[in-house]
Amino acid sequence: MRFHAQVVVRLKPGLLDPQGKAVEGSLPAMGWRNVSNVRVGKQIEFELEAPDERAAAAQVNDMAARLLSNPVIEVYAVELRTASAIPTDGA
Amino acid sequence: MRFHAQVVVRLKPGLLDPQGKAVEGSLPAMGWRNVSNVRVGKQIEFELEAPDERAAAAQVNDMAARLLSNPVIEVYAVELRTASAIPTDGA
Amino acid sequence: MSGRPRVGVITFPGSLDDRDAVRAVASMGGSGVRIWHRDRDLDGVDAVILPGGFSYGDYLRTGAIARFAPVMEEVRRFADRGGPVLGICNGFQILCEAGLLPGALIRNRQLRFVCRFVHVRVETSRSPITTGLVPGEVLPVPVKHGEGQFVAADEDLERVEQEGLVVLRYCGPDGTVDDRHNVNGSLGAIAGVRNEAGNVVGLMPHPEHAVDPDVGPTGGQPMLASFLSYALARV
Amino acid sequence: MEQPLHRALGLTDDELEAIRARLGREPNHNELAMYSVMWSEHCSYKSSKIHLGTLPTEGSRVIVGPGQDAGAVDVGDGLAVVFKMESHSHPSAIEPYQGAATGVGGIVRDVLAMGARPIALLDPLMFGPLSEERNRWLFCGVVAGIGGYGNCIGVPTVGGEVRFAPPHSTNPVVNVMCVGIAPADRLVTSAREVHAGSLLVLIGAATGRDGIGGVSVLASRTLEEDAGESRPSVQIGDPFAEKLLIEACLELVERGLLEGLQDLGGAGITCAVSESASRARLGAELRLDAVPLREPGLEPFEILTSESQERMLAIARPERLADVLAVCERWGLQASVIGTLVPGSSLSVVLGGETVASVPARSLADEGPVYDRPMSPPGFEEIRAEDPTFETVAVAPRDAFLAVLGSPNVASKRWVWEQYDHLVQGGTVVGPGGDAAVVRIEGTMKALALATDGKGRFGHLDPYLGAAHAVAEAARNVAVVGATPIAITNCLNFGNPERPEVMWQFAESVRGMADACRALGTPVTGGNVSFYNESGDSAIWPTPVIGMLGLIEDYRLLVRPGFVEPGLEIYLLGETHPELGGSEFAEVVLGRVAGRPPALDLEREAALHRVLVEAAREDLLAASHDCSDGGLAVALAECAIAGDTGFAVSLPGDVPWYVSLFAESASRAVVAVPSDRASSLEALALRHGVPWSRLGETGGPRMVFDALFEVTVDEARGVYEETIPGLIGE
Ligand SMILES: Nc1ncnc2c1ncn2[C@@H]1O[C@H](COP(=O)(O)OP(=O)(O)O)[C@@H](O)[C@H]1O
Ligand SMILES: [Mg+2]
């Protein structure tokens with residue numbers, strides 16, 4: 001089966017996020033004064049072949065924990081769908 | 001009203017994604033040989049105060065288009081929820 | 001073994017300061033041995049340097065992919081046996097990712113790459129690059145990095161500080177540690193840390209670019225001299 | 001489709017006729033695409049060629065002149081220095097980070113294609129005023145992009161310049177120069193013998209739909225709708241791939257595995273293959289099926305013209321192929337045999353067993369159209385009449401000084417160059433911030449001195465003088481550190497050449513550059529022309545940017561600008577004249593860009609360089625700095641700031657204070673000498689006929705300008721260093 005995975009990696013809540021802070025800092029000059037708590041994270045998408053959803057989920061979690069995020073500073077969230085459910089853009 | 005917004009910014013489909021390519025290239029050596037089409041994007045979250053959902057959506061779209069992405073190379077997707085619906089993570 | 005320690009310098013795809021590290025080691029009386037990221041042994045070297053650069057482009061997270069390189073298993077084994085390991089800049093990032101050093105390095109507070117000569121203050125003599133140095137000593141060295149802001153979760157940071165794992169802090173020419181001289185916003189102005197055993201050390205500044213008086217300040221000399229003598233002492 | 005296809009592709013009716021004549025038949029779509037990219041202004045230099053032919057290109061050191069990927073000069077010890085400059089202004093205007101980043105990638109591959117290791121980058125940049133939000137976005141993005149790419153490939157960015165002027169608001173200029181070094185006998189020049197039967201090996205990134213905006217009108221109907229989506233005109237740089245490409249290609253060259261090496265830049269595979277074949281006087285068979293693609297379904301014309309980055313084309317004998325592939329594998333790079341050089345002259349392109357294009361290789365690479373476009377000078381009467389030289393100046397000298405020192409053009413560019421790794425490779429003896437950067441040549445005591453200069457304001461007022469001044473200043477920047485100027489490269493940034501005024505500006509600039517290069521003994525080894533830097537009715541000022549190469553025999557004798565100790569005697573070499581046209585002072589204080597640029601006596605300029613180089617060699621100088629933007633006042637201030645030591649000077653000559661302080665008269669330098677060497681310096685200057693005046697002495701925390709005013713070094717440094725960060729809101 002073909003799955004589409006999405007992993008979102010964020011800095012741990014307690015850590016200061018320099019990128020988020022910079023975005024936040026640039027907002028008032030553009031006229032947006034009603035925005036707060038900006039955090040910038042990473043979103044990693046990919047497809048994978050796996051025998052079933054369970055296997056796919058296990059692998060995606062493993063990838064997220066070991067490679068895609070650094071547990072010292074980051075947390076992650078995983079989303080998995082069967083690939084047929086979404087339109088692929090090529091390939 | 002208080003809203004929680006999430007903007008995901010991705011490179012346009014036709015464009016080379018060096019980050020995705022580097023991640024994909026490293027996977028086989030780690031034993032993950034069943035993964036393809038890795039793309040890395042940015043995920044920006046924030047909260048905003050707006051009179052209603054319509055106004056909030058309009059502003060988030062505007063922010064995504066003008067500040068958070070460059071339409072020449074990137075596309076974005078927006079998600080909006082009322083802030084009460086989600087647990088805030090501190091701060 | 002003569003007085004000429006053999007120092008392995010690892011080249012990952014995207015390593016940049018590997019040749020500089022070999023040259024600096026040689027200029028300080030050691031002999032640099034090139035080691036390839038796919039190698040599965042360290043050629044019997046006395047010490048290891050993970051040099052600066054952008055391994056795998058540093059695209060996902062600095063050092064995130066390099067730490068899975070085949071050679072890293074050997075580096076880990078070497079470190080576990082007490083072998084001296086020095087990570088410079090990207091090498092520091094890789095060691096943190098590999099869990100051989102505490103903490104992590106994220107984008108500089110100012111969100112820009114910074115290349116500049118700074119001063120660092122020695123915090124402990126108990127590290128392979130500061131054995132001959134006295135706490136409080138100030139050394140001029142260059143930094144050049146986009147992601148050198150040292151961070152750690154509160155409890156980790158506390159442990160790092162309490163156990164004396166901080167090796168270097170950014171400071172002014174007179175040794176003052178303050179926000180103005182904290183070149184990238186690191187917690188505690190930390191520029192370099194060591195592991196608990198005291199044989200693995202990482203720092204963001206580049207000692208290998210501060211050994212030649214014709215080119216600039218030479219704050220890297222005592223650090224590399226210390227590293228070489230630490231390596232020799234073990235042999 | 002309203003207009004005929006060839007016109008939609010940018011080919012004129014006459015050009016189509018010429019193609020028909022070459023082929024003896026109608027070209028098919030793929031062939032039309034190949035001609036359209038190869039005969040474009042960018043690749044064929046059709047508007048500039050006849051003018052560029054007048055440049056001096058010969059010299060005893062020149063190994064490779066214009067016409068190849070990059071020029072090369074002999075620096076002794078069996079070594080060659082390879083260097084070239086290129087523009088990436090248009091992509092940077094819409095995506096500053098990636099536009100600038102891929103600009104670095106492109107010029108690095110030009111130097112790599114000669115078989116040289118890239119050892120330095122310089123980045124002359126021009127933007128509109130930073131008071132505008134969009135200009136700040138462009139400025140920050142471009143700088144980050146150059147750093148992002150250059151830092152990641154491990155080539156130090158050691159110099160460049162940044163200018164701000166209103167015409168660049170719509171048209172930023174992004175030029176990048178790369179310098180490389182190679183054993184002279186290992187250079188991959190077109191003089192190498194290349195044989196029929198040799199293989200074309202494409203190394204590096206897979207090919208995608210990058211940078212084929214211009215020919216996308218050829219796309220079949222189904223794709224037409226989202227043509228904009230799927231065929232973006234901006235590419236994304238992958239510096240990591242470039243770093244691997246550098247190492248792999250150098251290993252291939254060092255091990256003697258190649259007959260040829262070519263970068264893929266503009267016009268992609270079509271350009272690389274047709275040029276390789278044409279230079280070898282051979283034909284080629286190109287097999288598109290073998291080109292690795294990033295996404296499925298690319299049409300033949302897309303594969304042929306794609307400008308995907310981080311690719312190189314190697315030419316190797318079949319018996320070397322296994323070794324070539326092994327080297328690429330070791331560096332983690334894809335490598336594919338995409339064709340073969342064959343006897344004859346025809347470049348035939350095969351896909352799925354079918355020939356999809358077949359044209360004479362030479363007709364693409366070397367037989368593009370050449371135009372002698374009409375020229376006419378614009379009217380100068382108005383701006384000349386407004387010459388600011390004898391204006392009544394109401395501003396207080398001290399205020400004028402701080403205004404000029406804090407003008408973005410003059411102020412420190414530290415904010416920019418601190419974002420660049422200028423130390424990697426360990427050869428940087430003098431990094432950015434001085435006059436010329438100095439980079440050691442490994443294994444020798446020699447060093448290269450590198451500087452770039454463009455004089456848009458002068459060029460606007462007089463393109464001939466603007467270009468000549470740019471050469472003179474670049475050479476002077478190299479001479480003040482003690483290096484002999486030996487050769488130049490250039491990037492010529494202009495508006496639309498189809499407008500007679502622009503063409504005239506271009507011709508005048510080339511004439512000025514040629515005269516100056518002849519007089520200063522610095523042949524032109526290559527360069528790049530960037531036209532169409534205009535939008536609506538606003539064109540950039542004619543701005544030839546000069547990249548100068550200087551050579552120091554012993555880098556330990558180089559001279560820096562800083563006044564590092566008290567008690568040094570300060571001299572001005574050269575003379576100040578009442579000429580304020582086009583000066584920083586006139587723009588910043590009087591609010592106008594008008595008048596005539598300063599005169600330039602090239603003999604005097606050359607004599608000054610000889611004095612500076614000789615004085616450095618005899619170790620007479622404690623400091624040395626060129627006197628240009630902002631005049632003598634700024635030059636003195638920069639010396640004081642750099643060395644953290646003040647001075648007291650009296651102003652020479654019988655001219656108004658603002659002339660002595662701010663005139664930008666050519667052929668001048670400020671030097672400081674220990675008092676026991678002062679008479680030697682005077683004698684040396686006398687011998688070379690260079691006028692000098694003793695201005696005063698170094699020392700103390702203040703800069704004292706005669707009885708006019710004084711400023712502490714700290715205050716001046718604050719103004720000088722804080723301007724750019726202040727303007728971008730930091
Ligand atoms: N974009 C840039 N990149 C790197 N270095 C720069 C840049 N802009 C200016 N610099 C450096 O700042 C110094 C002063 O620049 P500039 O005022 O243009 O010099 P000059 O007037 O001597 O030509 C030089 O060393 C130059 O290389
Ligand atoms: Mg200068």
# chains A, B, ... in the order shown; residues from 1 in each chain; ligands from 1
$ calpha_fit_and_write --fixed "chain B" --moving "chain A" --output "short mmCIF file (atom, residue, chain, number, x, y, z; two decimals) with N, CA, C and O atoms, in the first residue's frame"
data_model
loop_
_atom_site.label_atom_id
_atom_site.label_comp_id
_atom_site.auth_asym_id
_atom_site.auth_seq_id
_atom_site.Cartn_x
_atom_site.Cartn_y
_atom_site.Cartn_z
N MET A 1 -12.54 37.88 18.78
CA MET A 1 -12.32 36.43 18.83
C MET A 1 -10.86 36.08 18.59
O MET A 1 -10.16 36.77 17.88
N ARG A 2 -10.50 34.99 19.17
CA ARG A 2 -9.11 34.57 19.08
C ARG A 2 -9.01 33.37 18.13
O ARG A 2 -9.74 32.39 18.29
N PHE A 3 -8.10 33.46 17.19
CA PHE A 3 -7.95 32.37 16.23
C PHE A 3 -6.53 31.81 16.26
O PHE A 3 -5.58 32.51 16.59
N HIS A 4 -6.49 30.57 15.90
CA HIS A 4 -5.19 29.92 15.74
C HIS A 4 -5.00 29.64 14.24
O HIS A 4 -5.83 28.98 13.63
N ALA A 5 -3.92 30.14 13.71
CA ALA A 5 -3.72 29.95 12.27
C ALA A 5 -2.50 29.09 12.01
O ALA A 5 -1.52 29.12 12.76
N GLN A 6 -2.59 28.33 10.96
CA GLN A 6 -1.43 27.55 10.54
C GLN A 6 -1.27 27.72 9.03
O GLN A 6 -2.22 27.54 8.28
N VAL A 7 -0.06 28.13 8.64
CA VAL A 7 0.21 28.31 7.22
C VAL A 7 1.32 27.34 6.84
O VAL A 7 2.37 27.31 7.48
N VAL A 8 1.07 26.54 5.83
CA VAL A 8 2.12 25.66 5.34
C VAL A 8 2.59 26.18 3.99
O VAL A 8 1.79 26.45 3.10
N VAL A 9 3.89 26.39 3.89
CA VAL A 9 4.46 26.93 2.66
C VAL A 9 5.34 25.88 2.01
O VAL A 9 6.20 25.30 2.67
N ARG A 10 5.07 25.61 0.74
CA ARG A 10 5.86 24.61 0.03
C ARG A 10 6.46 25.21 -1.23
O ARG A 10 5.90 26.14 -1.79
N LEU A 11 7.55 24.61 -1.69
CA LEU A 11 8.07 25.01 -2.99
C LEU A 11 7.09 24.57 -4.07
O LEU A 11 6.45 23.52 -3.93
N LYS A 12 6.99 25.35 -5.13
CA LYS A 12 6.12 24.96 -6.24
C LYS A 12 6.52 23.58 -6.75
O LYS A 12 7.71 23.26 -6.80
N PRO A 13 5.53 22.78 -7.15
CA PRO A 13 5.80 21.41 -7.57
C PRO A 13 6.92 21.30 -8.61
O PRO A 13 7.74 20.41 -8.53
N GLY A 14 6.96 22.18 -9.54
CA GLY A 14 7.94 22.03 -10.62
C GLY A 14 9.39 22.26 -10.18
O GLY A 14 10.32 21.84 -10.85
N LEU A 15 9.58 22.92 -9.05
CA LEU A 15 10.94 23.27 -8.64
C LEU A 15 11.59 22.13 -7.87
O LEU A 15 10.96 21.47 -7.07
N LEU A 16 12.86 21.97 -8.13
CA LEU A 16 13.63 20.95 -7.42
C LEU A 16 13.79 21.42 -5.97
O LEU A 16 14.09 22.57 -5.70
N ASP A 17 13.58 20.51 -5.03
CA ASP A 17 13.69 20.87 -3.62
C ASP A 17 14.97 20.28 -3.04
O ASP A 17 15.05 19.08 -2.77
N PRO A 18 16.00 21.10 -2.87
CA PRO A 18 17.30 20.56 -2.44
C PRO A 18 17.22 19.88 -1.07
O PRO A 18 17.87 18.86 -0.85
N GLN A 19 16.43 20.42 -0.18
CA GLN A 19 16.33 19.80 1.15
C GLN A 19 15.65 18.44 1.08
O GLN A 19 16.09 17.48 1.69
N GLY A 20 14.56 18.40 0.32
CA GLY A 20 13.85 17.14 0.19
C GLY A 20 14.75 16.09 -0.43
O GLY A 20 14.77 14.93 -0.01
N LYS A 21 15.51 16.54 -1.42
CA LYS A 21 16.41 15.60 -2.10
C LYS A 21 17.46 15.05 -1.13
O LYS A 21 17.79 13.87 -1.14
N ALA A 22 17.96 15.93 -0.26
CA ALA A 22 18.99 15.50 0.69
C ALA A 22 18.41 14.49 1.68
O ALA A 22 19.03 13.49 2.01
N VAL A 23 17.20 14.78 2.17
CA VAL A 23 16.56 13.84 3.09
C VAL A 23 16.40 12.49 2.39
O VAL A 23 16.77 11.45 2.91
N GLU A 24 15.89 12.56 1.18
CA GLU A 24 15.67 11.34 0.42
C GLU A 24 16.98 10.56 0.25
O GLU A 24 17.00 9.34 0.38
N GLY A 25 18.03 11.32 -0.02
CA GLY A 25 19.32 10.67 -0.25
C GLY A 25 19.86 9.97 0.98
O GLY A 25 20.64 9.03 0.89
N SER A 26 19.48 10.45 2.16
CA SER A 26 20.05 9.86 3.37
C SER A 26 19.25 8.66 3.86
O SER A 26 19.68 7.95 4.77
N LEU A 27 18.10 8.41 3.26
CA LEU A 27 17.23 7.35 3.77
C LEU A 27 17.76 5.92 3.57
O LEU A 27 17.74 5.13 4.50
N PRO A 28 18.23 5.59 2.37
CA PRO A 28 18.65 4.20 2.16
C PRO A 28 19.71 3.76 3.17
O PRO A 28 19.63 2.65 3.70
N ALA A 29 20.64 4.67 3.48
CA ALA A 29 21.69 4.31 4.43
C ALA A 29 21.10 3.97 5.79
O ALA A 29 21.71 3.26 6.59
N MET A 30 19.91 4.51 6.08
CA MET A 30 19.31 4.21 7.37
C MET A 30 18.32 3.05 7.26
O MET A 30 17.60 2.75 8.20
N GLY A 31 18.30 2.46 6.09
CA GLY A 31 17.49 1.26 5.94
C GLY A 31 16.09 1.50 5.40
O GLY A 31 15.28 0.58 5.34
N TRP A 32 15.78 2.74 5.03
CA TRP A 32 14.45 3.03 4.50
C TRP A 32 14.52 3.17 2.99
O TRP A 32 14.97 4.19 2.47
N ARG A 33 14.08 2.16 2.29
CA ARG A 33 14.20 2.14 0.84
C ARG A 33 12.87 2.33 0.14
O ARG A 33 12.78 2.22 -1.07
N ASN A 34 11.84 2.56 0.91
CA ASN A 34 10.50 2.58 0.34
C ASN A 34 9.88 3.98 0.33
O ASN A 34 8.68 4.13 0.30
N VAL A 35 10.74 4.98 0.39
CA VAL A 35 10.24 6.35 0.51
C VAL A 35 10.56 7.14 -0.75
O VAL A 35 11.63 6.99 -1.33
N SER A 36 9.61 7.97 -1.19
CA SER A 36 9.88 8.78 -2.38
C SER A 36 9.20 10.13 -2.27
O SER A 36 8.40 10.37 -1.37
N ASN A 37 9.54 11.00 -3.23
CA ASN A 37 8.90 12.33 -3.31
C ASN A 37 8.97 13.13 -2.02
O ASN A 37 7.99 13.73 -1.60
N VAL A 38 10.14 13.16 -1.41
CA VAL A 38 10.26 13.92 -0.17
C VAL A 38 10.32 15.42 -0.49
O VAL A 38 11.09 15.85 -1.35
N ARG A 39 9.48 16.18 0.17
CA ARG A 39 9.48 17.64 -0.01
C ARG A 39 9.52 18.27 1.37
O ARG A 39 8.81 17.85 2.28
N VAL A 40 10.35 19.29 1.51
CA VAL A 40 10.45 19.96 2.80
C VAL A 40 9.88 21.36 2.68
O VAL A 40 10.28 22.13 1.81
N GLY A 41 8.94 21.67 3.55
CA GLY A 41 8.34 22.99 3.54
C GLY A 41 8.42 23.63 4.91
O GLY A 41 9.10 23.13 5.80
N LYS A 42 7.74 24.73 5.04
CA LYS A 42 7.73 25.45 6.31
C LYS A 42 6.32 25.45 6.86
O LYS A 42 5.34 25.47 6.12
N GLN A 43 6.25 25.43 8.18
CA GLN A 43 4.95 25.49 8.81
C GLN A 43 4.99 26.65 9.79
O GLN A 43 5.86 26.71 10.66
N ILE A 44 4.11 27.61 9.60
CA ILE A 44 4.10 28.79 10.47
C ILE A 44 2.78 28.81 11.22
O ILE A 44 1.71 28.74 10.62
N GLU A 45 2.89 28.90 12.54
CA GLU A 45 1.68 28.94 13.37
C GLU A 45 1.63 30.25 14.11
O GLU A 45 2.68 30.76 14.52
N PHE A 46 0.47 30.75 14.35
CA PHE A 46 0.35 31.94 15.20
C PHE A 46 -1.08 32.11 15.66
O PHE A 46 -1.99 31.38 15.23
N GLU A 47 -1.26 33.05 16.56
CA GLU A 47 -2.60 33.35 17.01
C GLU A 47 -2.96 34.76 16.58
O GLU A 47 -2.07 35.61 16.45
N LEU A 48 -4.25 34.98 16.36
CA LEU A 48 -4.63 36.35 16.05
C LEU A 48 -6.02 36.67 16.58
O LEU A 48 -6.85 35.79 16.75
N GLU A 49 -6.19 37.93 16.88
CA GLU A 49 -7.45 38.46 17.34
C GLU A 49 -8.15 39.06 16.14
O GLU A 49 -7.56 39.87 15.42
N ALA A 50 -9.39 38.66 15.90
CA ALA A 50 -10.12 39.26 14.79
C ALA A 50 -11.59 39.27 15.14
O ALA A 50 -12.05 38.45 15.94
N PRO A 51 -12.34 40.20 14.54
CA PRO A 51 -13.76 40.32 14.86
C PRO A 51 -14.52 39.03 14.53
O PRO A 51 -15.40 38.61 15.27
N ASP A 52 -14.18 38.41 13.41
CA ASP A 52 -14.87 37.17 13.06
C ASP A 52 -13.99 36.32 12.15
O ASP A 52 -12.91 36.73 11.74
N GLU A 53 -14.48 35.15 11.82
CA GLU A 53 -13.69 34.20 11.05
C GLU A 53 -13.33 34.74 9.67
O GLU A 53 -12.23 34.53 9.16
N ARG A 54 -14.28 35.42 9.08
CA ARG A 54 -14.05 35.98 7.75
C ARG A 54 -12.87 36.94 7.73
O ARG A 54 -11.97 36.85 6.88
N ALA A 55 -12.88 37.84 8.71
CA ALA A 55 -11.79 38.82 8.80
C ALA A 55 -10.47 38.11 9.07
O ALA A 55 -9.43 38.43 8.47
N ALA A 56 -10.53 37.13 9.96
CA ALA A 56 -9.30 36.39 10.28
C ALA A 56 -8.77 35.70 9.03
O ALA A 56 -7.57 35.78 8.72
N ALA A 57 -9.64 35.03 8.31
CA ALA A 57 -9.20 34.30 7.12
C ALA A 57 -8.60 35.24 6.09
O ALA A 57 -7.57 34.95 5.47
N ALA A 58 -9.24 36.40 5.93
CA ALA A 58 -8.73 37.35 4.95
C ALA A 58 -7.31 37.79 5.33
O ALA A 58 -6.41 37.84 4.49
N GLN A 59 -7.14 38.08 6.62
CA GLN A 59 -5.82 38.54 7.04
C GLN A 59 -4.76 37.45 6.90
O GLN A 59 -3.64 37.70 6.44
N VAL A 60 -5.10 36.24 7.31
CA VAL A 60 -4.12 35.16 7.25
C VAL A 60 -3.71 34.90 5.79
O VAL A 60 -2.53 34.71 5.48
N ASN A 61 -4.69 34.96 4.91
CA ASN A 61 -4.36 34.78 3.49
C ASN A 61 -3.45 35.88 3.00
O ASN A 61 -2.48 35.64 2.27
N ASP A 62 -3.75 37.09 3.43
CA ASP A 62 -2.93 38.23 3.04
C ASP A 62 -1.50 38.06 3.55
O ASP A 62 -0.52 38.24 2.81
N MET A 63 -1.38 37.67 4.83
CA MET A 63 -0.05 37.46 5.41
C MET A 63 0.70 36.36 4.67
O MET A 63 1.89 36.47 4.39
N ALA A 64 -0.02 35.29 4.37
CA ALA A 64 0.62 34.16 3.69
C ALA A 64 1.11 34.57 2.31
O ALA A 64 2.20 34.22 1.88
N ALA A 65 0.28 35.33 1.61
CA ALA A 65 0.61 35.69 0.23
C ALA A 65 1.72 36.73 0.17
O ALA A 65 2.59 36.67 -0.68
N ARG A 66 1.69 37.69 1.09
CA ARG A 66 2.64 38.79 0.97
C ARG A 66 3.93 38.60 1.73
O ARG A 66 4.99 39.04 1.29
N LEU A 67 3.83 37.95 2.91
CA LEU A 67 5.04 37.84 3.74
C LEU A 67 5.54 36.41 3.87
O LEU A 67 6.73 36.14 3.70
N LEU A 68 4.63 35.50 4.18
CA LEU A 68 5.08 34.17 4.58
C LEU A 68 5.51 33.30 3.40
O LEU A 68 6.21 32.32 3.58
N SER A 69 5.08 33.68 2.21
CA SER A 69 5.51 32.90 1.05
C SER A 69 5.96 33.85 -0.06
O SER A 69 5.63 35.02 -0.05
N ASN A 70 6.71 33.32 -0.97
CA ASN A 70 7.13 34.08 -2.14
C ASN A 70 6.45 33.45 -3.36
O ASN A 70 6.80 32.34 -3.76
N PRO A 71 5.48 34.15 -3.93
CA PRO A 71 4.68 33.56 -5.01
C PRO A 71 5.51 33.15 -6.23
O PRO A 71 5.05 32.34 -7.03
N VAL A 72 6.71 33.68 -6.33
CA VAL A 72 7.54 33.32 -7.47
C VAL A 72 7.94 31.84 -7.41
O VAL A 72 8.09 31.18 -8.42
N ILE A 73 8.08 31.33 -6.21
CA ILE A 73 8.57 29.95 -6.08
C ILE A 73 7.74 29.08 -5.17
O ILE A 73 7.94 27.88 -5.09
N GLU A 74 6.82 29.68 -4.42
CA GLU A 74 6.15 28.89 -3.40
C GLU A 74 4.63 28.91 -3.52
O GLU A 74 4.05 29.83 -4.10
N VAL A 75 4.01 27.92 -2.94
CA VAL A 75 2.56 27.91 -2.76
C VAL A 75 2.29 27.74 -1.28
O VAL A 75 3.14 27.28 -0.54
N TYR A 76 1.09 28.12 -0.86
CA TYR A 76 0.79 27.98 0.56
C TYR A 76 -0.61 27.43 0.78
O TYR A 76 -1.46 27.48 -0.11
N ALA A 77 -0.82 26.92 1.98
CA ALA A 77 -2.14 26.46 2.39
C ALA A 77 -2.39 26.99 3.80
O ALA A 77 -1.47 27.07 4.61
N VAL A 78 -3.63 27.35 4.06
CA VAL A 78 -3.96 28.00 5.32
C VAL A 78 -4.97 27.16 6.09
O VAL A 78 -5.86 26.55 5.50
N GLU A 79 -4.81 27.10 7.40
CA GLU A 79 -5.79 26.44 8.24
C GLU A 79 -6.11 27.36 9.40
O GLU A 79 -5.20 27.91 10.01
N LEU A 80 -7.38 27.49 9.71
CA LEU A 80 -7.77 28.43 10.76
C LEU A 80 -8.72 27.72 11.71
O LEU A 80 -9.64 27.02 11.30
N ARG A 81 -8.46 27.92 13.01
CA ARG A 81 -9.40 27.38 14.01
C ARG A 81 -9.65 28.45 15.05
O ARG A 81 -8.81 29.33 15.25
N THR A 82 -10.75 28.37 15.74
CA THR A 82 -10.91 29.29 16.87
C THR A 82 -10.00 28.78 17.97
O THR A 82 -9.85 27.58 18.18
N ALA A 83 -9.38 29.73 18.64
CA ALA A 83 -8.29 29.35 19.55
C ALA A 83 -8.77 28.47 20.69
O ALA A 83 -8.04 27.62 21.18
N SER A 84 -10.00 28.64 21.11
CA SER A 84 -10.49 27.85 22.24
C SER A 84 -10.44 26.36 21.91
O SER A 84 -10.34 25.52 22.78
N ALA A 85 -10.55 26.05 20.63
CA ALA A 85 -10.60 24.65 20.22
C ALA A 85 -9.28 23.92 20.45
O ALA A 85 -9.24 22.70 20.48
N ILE A 86 -8.21 24.68 20.61
CA ILE A 86 -6.93 23.99 20.77
C ILE A 86 -6.30 24.40 22.10
O ILE A 86 -6.52 25.48 22.60
N PRO A 87 -5.54 23.50 22.66
CA PRO A 87 -4.88 23.86 23.90
C PRO A 87 -3.71 24.80 23.59
O PRO A 87 -2.91 24.53 22.71
N THR A 88 -3.65 25.91 24.28
CA THR A 88 -2.50 26.80 24.08
C THR A 88 -1.36 26.29 24.94
O THR A 88 -1.58 25.65 25.96
N ASP A 89 -0.15 26.55 24.52
CA ASP A 89 0.95 26.18 25.39
C ASP A 89 1.50 27.43 26.08
O ASP A 89 2.53 27.95 25.73
N GLY A 90 0.79 27.88 27.05
CA GLY A 90 1.21 29.09 27.78
C GLY A 90 0.50 30.30 27.24
O GLY A 90 -0.40 30.20 26.41
N ALA A 91 0.91 31.45 27.72
CA ALA A 91 0.34 32.75 27.35
C ALA A 91 -1.16 32.73 27.17
O ALA A 91 -1.69 33.10 26.15
#
$ residues_near_ligand --ligand "ligand 2" --cutoff "10 Å" --atoms "only C-alpha atoms and all ligand atoms" --output "list in words"
Gly433, Gly434, Asp435, Ala436, Ala451, Thr452, Asp453, Glu473, Ala474, Ala475, Arg476, Asn477, Val478, Ala479, Val480, Val481, Pro561, Ser624, His625, Asp626, Cys627, Ser628, Asp629, Ala635, Glu638 and Ala669 of chain D
$ closest_residue --among "D:Val711, D:Ile236, D:Leu423, D:Leu9" --to "chain B" --atoms "only C-alpha atoms"
D:Ile236
$ interface_residues --of "chain C" --to "chain B" --cutoff "8 Å" --atoms "only C-alpha atoms" --output "PyMOL selection string"
chain C and resi 56-57+59-60+65+68
$ interface_residues --of "chain C" --to "chain D" --cutoff "12 Å" --atoms "only C-alpha atoms" --output "PyMOL selection string"
chain C and resi 11-24+36-39+51-59+62+90+108+110-117+141-147+183+206-217
$ select_by_dssp --residues "range 205-363 of chain D" --states "strand (DSSP E or B)" --output "MDAnalysis selection string"
chainID D and resid 207 260:263 265 267 283:287 293 311:316 335:342 346:351 354:360
$ closest_residue --among "D:Gly495, D:Pro129, D:Gly67, D:Gly141" --to "chain B" --atoms "only C-alpha atoms"
D:Gly141
$ residues_around --residues "Ile441 in chain D" --least-positions-apart "6" --cutoff "12 Å" --atoms "only C-alpha atoms" --output "list in words"
Val75, Gly76, Asp77, Gly78, Leu79, Ala80, Val81, Arg117, Ile119, Ala120, Val179, Gly180, Ile181, Ala182, Pro183, Gln425, Gly426, Gly427, Thr428, Val429, Ala447, Leu448, Ala449, Leu551, Ile552, Glu553, Asp554 and Tyr555 of chain D
$ residues_around --residues "range 642-644 of chain D" --least-positions-apart "2" --cutoff "8 Å" --atoms "only C-alpha atoms" --output "count of residues only"
11
$ interface_residues --of "chain D" --to "chain A" --cutoff "10 Å" --atoms "only C-alpha atoms" --output "compact mmCIF listing (two decimals) with C-alpha atoms, in the first residue's frame"
# COMPACT_ATOMS: atom_id res chain seq x y z
CA GLU D 133 10.44 48.42 1.85
CA ARG D 294 13.57 15.26 -12.08
CA GLU D 295 9.99 14.78 -13.11
CA PRO D 296 8.37 12.75 -15.83
CA GLY D 297 6.99 14.02 -19.08
CA GLY D 729 15.69 48.62 11.11
